[in-house]
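> If it helps, the file is called data31.cif and holds mmCIF, C-alpha atoms:
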data_protein
#
loop_
_atom_site.label_atom_id
_atom_site.label_comp_id
_atom_site.auth_asym_id
_atom_site.auth_seq_id
_atom_site.Cartn_x
_atom_site.Cartn_y
_atom_site.Cartn_z
CA MET A 1 -104.29 -54.81 -7.33
CA SER A 2 -101.89 -51.90 -7.45
CA GLY A 3 -98.99 -53.85 -8.92
CA TRP A 4 -96.91 -53.63 -5.72
CA PRO A 5 -95.41 -56.95 -4.61
CA LEU A 6 -97.09 -58.50 -1.59
CA ALA A 7 -93.76 -59.89 -0.35
CA ARG A 8 -90.44 -58.10 -0.78
CA VAL A 9 -87.05 -57.57 0.87
CA VAL A 10 -85.89 -54.16 2.05
CA ALA A 11 -82.34 -53.28 3.05
CA LEU A 12 -81.86 -52.00 6.59
CA PRO A 13 -79.01 -49.89 7.95
CA GLY A 14 -76.15 -51.95 9.28
CA ASN A 15 -76.04 -55.65 8.70
CA GLY A 16 -79.68 -56.56 8.24
CA TYR A 17 -82.76 -56.63 6.09
CA GLY A 18 -86.51 -56.76 6.46
CA LEU A 19 -88.97 -59.10 4.80
CA GLU A 20 -92.18 -57.15 4.21
CA ILE A 21 -95.24 -59.37 3.88
CA LEU A 22 -98.57 -57.73 3.10
CA ALA A 23 -101.97 -59.28 3.72
CA GLY A 24 -102.93 -61.43 0.76
CA ALA A 25 -99.43 -62.69 -0.01
CA THR A 26 -99.49 -66.34 -1.00
CA PRO A 27 -97.06 -68.93 0.38
CA ALA A 28 -95.59 -69.23 -3.12
CA GLU A 29 -94.88 -65.47 -3.26
CA ILE A 30 -93.25 -65.54 0.16
CA ALA A 31 -91.21 -68.66 -0.69
CA THR A 32 -89.99 -67.10 -3.93
CA VAL A 33 -88.66 -64.04 -2.09
CA VAL A 34 -87.21 -66.02 0.83
CA ALA A 35 -85.33 -68.41 -1.47
CA GLY A 36 -82.90 -65.66 -2.46
CA LEU A 37 -82.13 -64.34 1.01
CA PRO A 38 -78.66 -64.63 2.58
CA PRO A 39 -78.18 -66.61 5.82
CA ALA A 40 -79.36 -64.57 8.79
CA ALA A 41 -80.97 -64.72 12.21
CA PHE A 42 -84.51 -63.52 12.90
CA VAL A 43 -84.34 -60.72 15.49
CA ASP A 44 -87.73 -59.00 15.61
CA HIS A 45 -90.87 -58.02 13.76
CA THR A 46 -92.81 -54.80 13.29
CA SER A 47 -96.36 -54.07 12.29
CA LEU A 48 -96.89 -52.75 8.82
CA ASP A 49 -100.10 -51.19 7.51
CA GLY A 50 -101.79 -54.28 6.09
CA GLY A 51 -99.07 -56.75 7.03
CA THR A 52 -95.83 -57.22 8.93
CA THR A 53 -92.09 -56.84 8.50
CA LEU A 54 -89.80 -59.59 9.75
CA LEU A 55 -86.38 -58.21 10.71
CA PHE A 56 -83.22 -60.25 10.15
CA ARG A 57 -79.54 -59.70 10.89
CA ARG A 58 -76.87 -61.34 8.77
CA PHE A 59 -74.46 -63.58 10.64
CA PRO A 60 -71.28 -61.71 11.62
CA ARG A 61 -68.04 -62.74 9.96
CA GLY A 62 -66.70 -65.91 11.56
CA VAL A 63 -70.10 -67.24 12.70
CA PRO A 64 -70.86 -70.43 10.76
CA ASP A 65 -74.14 -70.62 8.85
CA PRO A 66 -76.19 -73.23 10.74
CA SER A 67 -78.10 -74.13 7.57
CA ALA A 68 -74.93 -74.94 5.59
CA PRO A 69 -74.11 -78.63 5.36
CA ASP A 70 -71.01 -79.78 7.21
CA THR A 71 -69.11 -81.64 4.51
CA GLY A 72 -65.99 -82.21 6.62
CA HIS A 73 -67.43 -85.08 8.70
CA ASP A 74 -69.22 -88.36 8.11
CA GLY A 75 -72.25 -89.48 10.11
CA ASP A 76 -71.68 -89.99 13.82
CA PRO A 77 -71.10 -93.74 14.44
CA ASP A 78 -71.99 -93.20 18.12
CA ALA A 79 -75.46 -91.80 17.36
CA ALA A 80 -78.18 -93.15 19.61
CA THR A 81 -80.77 -95.54 18.21
CA VAL A 82 -84.22 -93.97 18.11
CA ALA A 83 -87.61 -95.67 17.84
CA ASP A 84 -89.73 -95.42 14.68
CA GLY A 85 -91.20 -92.02 13.87
CA TRP A 86 -89.88 -88.75 12.55
CA ILE A 87 -86.14 -88.54 13.04
CA PRO A 88 -84.23 -85.37 12.15
CA ASP A 89 -81.34 -85.87 9.75
CA VAL A 90 -78.19 -85.08 11.72
CA THR A 91 -75.77 -86.57 9.23
CA GLY A 92 -72.69 -84.40 9.02
CA MET A 93 -73.51 -82.46 12.20
CA PRO A 94 -71.08 -83.66 14.84
CA ASP A 95 -71.37 -82.37 18.37
CA ARG A 96 -68.63 -79.77 18.63
CA GLY A 97 -69.42 -78.90 22.23
CA LEU A 98 -70.23 -75.44 23.45
CA THR A 99 -68.57 -72.48 21.80
CA PRO A 100 -67.16 -69.60 23.87
CA PHE A 101 -70.12 -67.53 22.60
CA GLN A 102 -72.66 -70.08 23.90
CA VAL A 103 -70.92 -70.26 27.28
CA ALA A 104 -70.92 -66.44 27.45
CA VAL A 105 -74.65 -66.28 26.66
CA GLY A 106 -75.32 -68.79 29.44
CA THR A 107 -73.21 -66.79 31.88
CA LEU A 108 -75.03 -63.56 31.06
CA LEU A 109 -78.52 -65.08 31.19
CA THR A 110 -77.91 -66.68 34.58
CA ALA A 111 -76.22 -63.64 36.11
CA THR A 112 -79.52 -62.57 37.69
CA ASP A 113 -82.36 -64.24 39.60
CA ASP A 114 -84.92 -61.95 37.91
CA PRO A 115 -86.47 -63.61 34.81
CA ALA A 116 -87.48 -60.23 33.37
CA THR A 117 -83.90 -58.99 33.59
CA GLY A 118 -82.67 -62.22 31.98
CA ALA A 119 -85.14 -61.74 29.12
CA ARG A 120 -83.98 -58.14 28.65
CA ILE A 121 -80.33 -59.26 28.64
CA PHE A 122 -81.19 -61.85 25.98
CA GLY A 123 -82.93 -59.21 23.87
CA LEU A 124 -79.84 -57.01 24.02
CA ILE A 125 -77.13 -59.60 23.40
CA GLN A 126 -78.82 -61.35 20.47
CA ARG A 127 -77.95 -58.34 18.31
CA GLU A 128 -74.33 -58.10 19.38
CA ASP A 129 -71.20 -59.43 17.77
CA PRO A 130 -70.17 -62.78 19.35
CA ALA A 131 -66.76 -61.40 20.40
CA ALA A 132 -68.48 -58.55 22.27
CA VAL A 133 -70.74 -61.02 24.11
CA VAL A 134 -67.73 -63.13 25.16
CA ALA A 135 -65.93 -59.99 26.39
CA LEU A 136 -68.99 -58.82 28.33
CA ALA A 137 -69.41 -62.21 30.02
CA SER A 138 -65.77 -62.17 31.09
CA VAL A 139 -66.49 -59.27 33.47
CA VAL A 140 -69.54 -60.87 35.14
CA ARG A 141 -68.87 -61.83 38.74
CA PRO A 142 -70.24 -65.13 40.08
CA ARG A 143 -73.54 -64.94 41.92
CA GLY A 144 -73.13 -64.25 45.63
CA CYS A 145 -69.58 -63.05 45.16
CA ASN A 146 -68.57 -60.23 47.47
CA CYS A 147 -65.55 -59.68 45.28
CA GLN A 148 -63.94 -56.28 45.39
CA PRO A 149 -62.35 -54.81 42.27
CA GLN A 150 -58.56 -54.93 42.37
#
Could you quickly redo this structure as structure tokens?


Amino acid sequence: MSGWPLARVVALPGNGYGLEILAGATPAEIATVVAGLPPAAFVDHTSLDGGTTLLFRRFPRGVPDPSAPDTGHDGDPDAATVADGWIPDVTGMPDRGLTPFQVAVGTLLTATDDPATGARIFGLIQREDPAAVVALASVVRPRGCNCQPQ
């Protein structure tokens, strides 16, 4: 081997980083590198000669880390009873309803009848700041509206 690591993190311009994984990297090597990464969302991947690069974007300020435990609440006493089998641990994860960002994403994705356009919209907004997505959704007119600008 050449001595180069088979899994490493590279800084990207802006608010992201890439996880380069070369062919031959073991799960232990990948897990060791991943363990030190900051919370982020996976946004894309690119081919790399002999491997791949997974591209991540750090969560913008104000967006809660979904992997962080919610220590401010106890288990939900109204949780449904589920039959035997694998049950995800939802202790400390109360249903907070939809956020303005989630409502805005829904508005933007359903603004067209064309699935390809909806997929393109999703690809564009997943990299945007949540406040920008909410602002963009506020200017979308309802489907079938013959509204005229004031």

> Can you tell me how far CA of Ala23 in chain A sits from CA of Phe56 in chain A, in Å to one decimal?

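A separation of 19.8 Å between them.
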
> Tell me which residues the PyMOL selection byres ((chain A and resi 131) around 12) grabs here, as a list in words.

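Matching residues under the PyMOL selection byres ((chain A and resi 131) around 12) are Pro60, Arg61, Gly62, Val63, Thr99, Pro100, Phe101, Gln102, Val103, Ala104, Val105, Ile125, Arg127, Glu128, Asp129, Pro130, Ala132, Val133, Val134, Ala135, Leu136, Ala137 and Ser138 of chain A.
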
> CA of Thr53 in chain A and CA of Ile121 in chain A are how many Å apart?

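So the two atoms, CA of Thr53 in chain A and CA of Ile121 in chain A, lie 23.4 Å apart.
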
> With distances taken over all atoms listed in the file, which of A:Thr32, A:Thr46, A:Thr112, A:Thr52 is nearest to Glu20 in chain A?

A:Thr52

> Taking the file as I've supplied it (selection: the PyMOL selection byres ((chain A and resi 6) around 12)), which residues are included? Please answer as a PDB file with C-alpha atoms, in the frame of the given file.


ATOM      1  CA  MET A   1    -104.290 -54.810  -7.330  1.00  0.00           C
ATOM      2  CA  SER A   2    -101.890 -51.900  -7.450  1.00  0.00           C
ATOM      3  CA  GLY A   3     -98.990 -53.850  -8.920  1.00  0.00           C
ATOM      4  CA  TRP A   4     -96.910 -53.630  -5.720  1.00  0.00           C
ATOM      5  CA  PRO A   5     -95.410 -56.950  -4.610  1.00  0.00           C
ATOM      6  CA  ALA A   7     -93.760 -59.890  -0.350  1.00  0.00           C
ATOM      7  CA  ARG A   8     -90.440 -58.100  -0.780  1.00  0.00           C
ATOM      8  CA  VAL A   9     -87.050 -57.570   0.870  1.00  0.00           C
ATOM      9  CA  LEU A  19     -88.970 -59.100   4.800  1.00  0.00           C
ATOM     10  CA  GLU A  20     -92.180 -57.150   4.210  1.00  0.00           C
ATOM     11  CA  ILE A  21     -95.240 -59.370   3.880  1.00  0.00           C
ATOM     12  CA  LEU A  22     -98.570 -57.730   3.100  1.00  0.00           C
ATOM     13  CA  ALA A  23    -101.970 -59.280   3.720  1.00  0.00           C
ATOM     14  CA  GLY A  24    -102.930 -61.430   0.760  1.00  0.00           C
ATOM     15  CA  ALA A  25     -99.430 -62.690  -0.010  1.00  0.00           C
ATOM     16  CA  THR A  26     -99.490 -66.340  -1.000  1.00  0.00           C
ATOM     17  CA  PRO A  27     -97.060 -68.930   0.380  1.00  0.00           C
ATOM     18  CA  ALA A  28     -95.590 -69.230  -3.120  1.00  0.00           C
ATOM     19  CA  GLU A  29     -94.880 -65.470  -3.260  1.00  0.00           C
ATOM     20  CA  ILE A  30     -93.250 -65.540   0.160  1.00  0.00           C
ATOM     21  CA  ALA A  31     -91.210 -68.660  -0.690  1.00  0.00           C
ATOM     22  CA  THR A  32     -89.990 -67.100  -3.930  1.00  0.00           C
ATOM     23  CA  VAL A  33     -88.660 -64.040  -2.090  1.00  0.00           C
ATOM     24  CA  LEU A  48     -96.890 -52.750   8.820  1.00  0.00           C
ATOM     25  CA  GLY A  50    -101.790 -54.280   6.090  1.00  0.00           C
ATOM     26  CA  GLY A  51     -99.070 -56.750   7.030  1.00  0.00           C
ATOM     27  CA  THR A  52     -95.830 -57.220   8.930  1.00  0.00           C
ATOM     28  CA  THR A  53     -92.090 -56.840   8.500  1.00  0.00           C
TER      29      THR A  53
END

> Just give me the gap between CA of Arg57 in chain A and CA of Phe42 in chain A in Å, one decimal is fine.

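CA of Phe42 in chain A lies 6.6 Å from CA of Arg57 in chain A.
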
> Between A:Asp113, A:Val140, A:Ala40, A:Arg96, which is the closest to Asn15 in chain A once you count all atoms listed in the file?

A:Ala40

> Show me, as a ChimeraX atom specification, the residues that have an atom within 9 Å of range 12-14 of chain A when counting only C-alpha atoms, minus same-chain residues fewer than 3 positions from it.

/A:17-18,55,57

> Expanded to explicit residues, what is the PyMOL selection byres ((chain A and resi 109) around 7) for this file, as an MDAnalysis selection string?

chainID A and resid 105:108 110:111 118 121:122

> Please write range 88-101 of chain A of the preceding block to a file containing N, CA and C atoms, as an mmCIF file, in the first residue's frame?


data_model
loop_
_atom_site.group_PDB
_atom_site.id
_atom_site.type_symbol
_atom_site.label_atom_id
_atom_site.label_comp_id
_atom_site.auth_asym_id
_atom_site.auth_seq_id
_atom_site.Cartn_x
_atom_site.Cartn_y
_atom_site.Cartn_z
ATOM 1 N N PRO A 88 -38.547 0.812 17.211
ATOM 2 C CA PRO A 88 -37.567 1.893 17.368
ATOM 3 C C PRO A 88 -37.744 2.602 18.703
ATOM 4 N N ASP A 89 -36.645 3.019 19.288
ATOM 5 C CA ASP A 89 -36.692 3.739 20.561
ATOM 6 C C ASP A 89 -37.037 5.200 20.282
ATOM 7 N N VAL A 90 -38.215 5.617 20.682
ATOM 8 C CA VAL A 90 -38.644 6.994 20.458
ATOM 9 C C VAL A 90 -38.745 7.759 21.767
ATOM 10 N N THR A 91 -38.129 7.216 22.804
ATOM 11 C CA THR A 91 -38.133 7.890 24.088
ATOM 12 C C THR A 91 -37.479 9.253 23.952
ATOM 13 N N GLY A 92 -38.132 10.271 24.446
ATOM 14 C CA GLY A 92 -37.573 11.617 24.395
ATOM 15 C C GLY A 92 -37.758 12.303 23.055
ATOM 16 N N MET A 93 -38.557 11.740 22.158
ATOM 17 C CA MET A 93 -38.798 12.361 20.859
ATOM 18 C C MET A 93 -40.278 12.658 20.704
ATOM 19 N N PRO A 94 -40.771 13.688 21.357
ATOM 20 C CA PRO A 94 -42.195 14.005 21.231
ATOM 21 C C PRO A 94 -42.515 14.525 19.833
ATOM 22 N N ASP A 95 -43.751 14.348 19.442
ATOM 23 C CA ASP A 95 -44.198 14.865 18.154
ATOM 24 C C ASP A 95 -44.411 16.366 18.294
ATOM 25 N N ARG A 96 -43.586 17.137 17.653
ATOM 26 C CA ARG A 96 -43.683 18.592 17.745
ATOM 27 C C ARG A 96 -44.501 19.179 16.600
ATOM 28 N N GLY A 97 -45.092 18.335 15.782
ATOM 29 C CA GLY A 97 -45.846 18.831 14.642
ATOM 30 C C GLY A 97 -44.913 19.228 13.515
ATOM 31 N N LEU A 98 -45.479 19.770 12.481
ATOM 32 C CA LEU A 98 -44.681 20.201 11.340
ATOM 33 C C LEU A 98 -44.080 21.576 11.593
ATOM 34 N N THR A 99 -42.837 21.726 11.202
ATOM 35 C CA THR A 99 -42.173 23.026 11.319
ATOM 36 C C THR A 99 -42.535 23.868 10.101
ATOM 37 N N PRO A 100 -42.352 25.183 10.161
ATOM 38 C CA PRO A 100 -42.587 26.010 8.968
ATOM 39 C C PRO A 100 -41.744 25.543 7.778
ATOM 40 N N PHE A 101 -40.529 25.068 8.042
ATOM 41 C CA PHE A 101 -39.668 24.565 6.970
ATOM 42 C C PHE A 101 -40.302 23.346 6.302
#
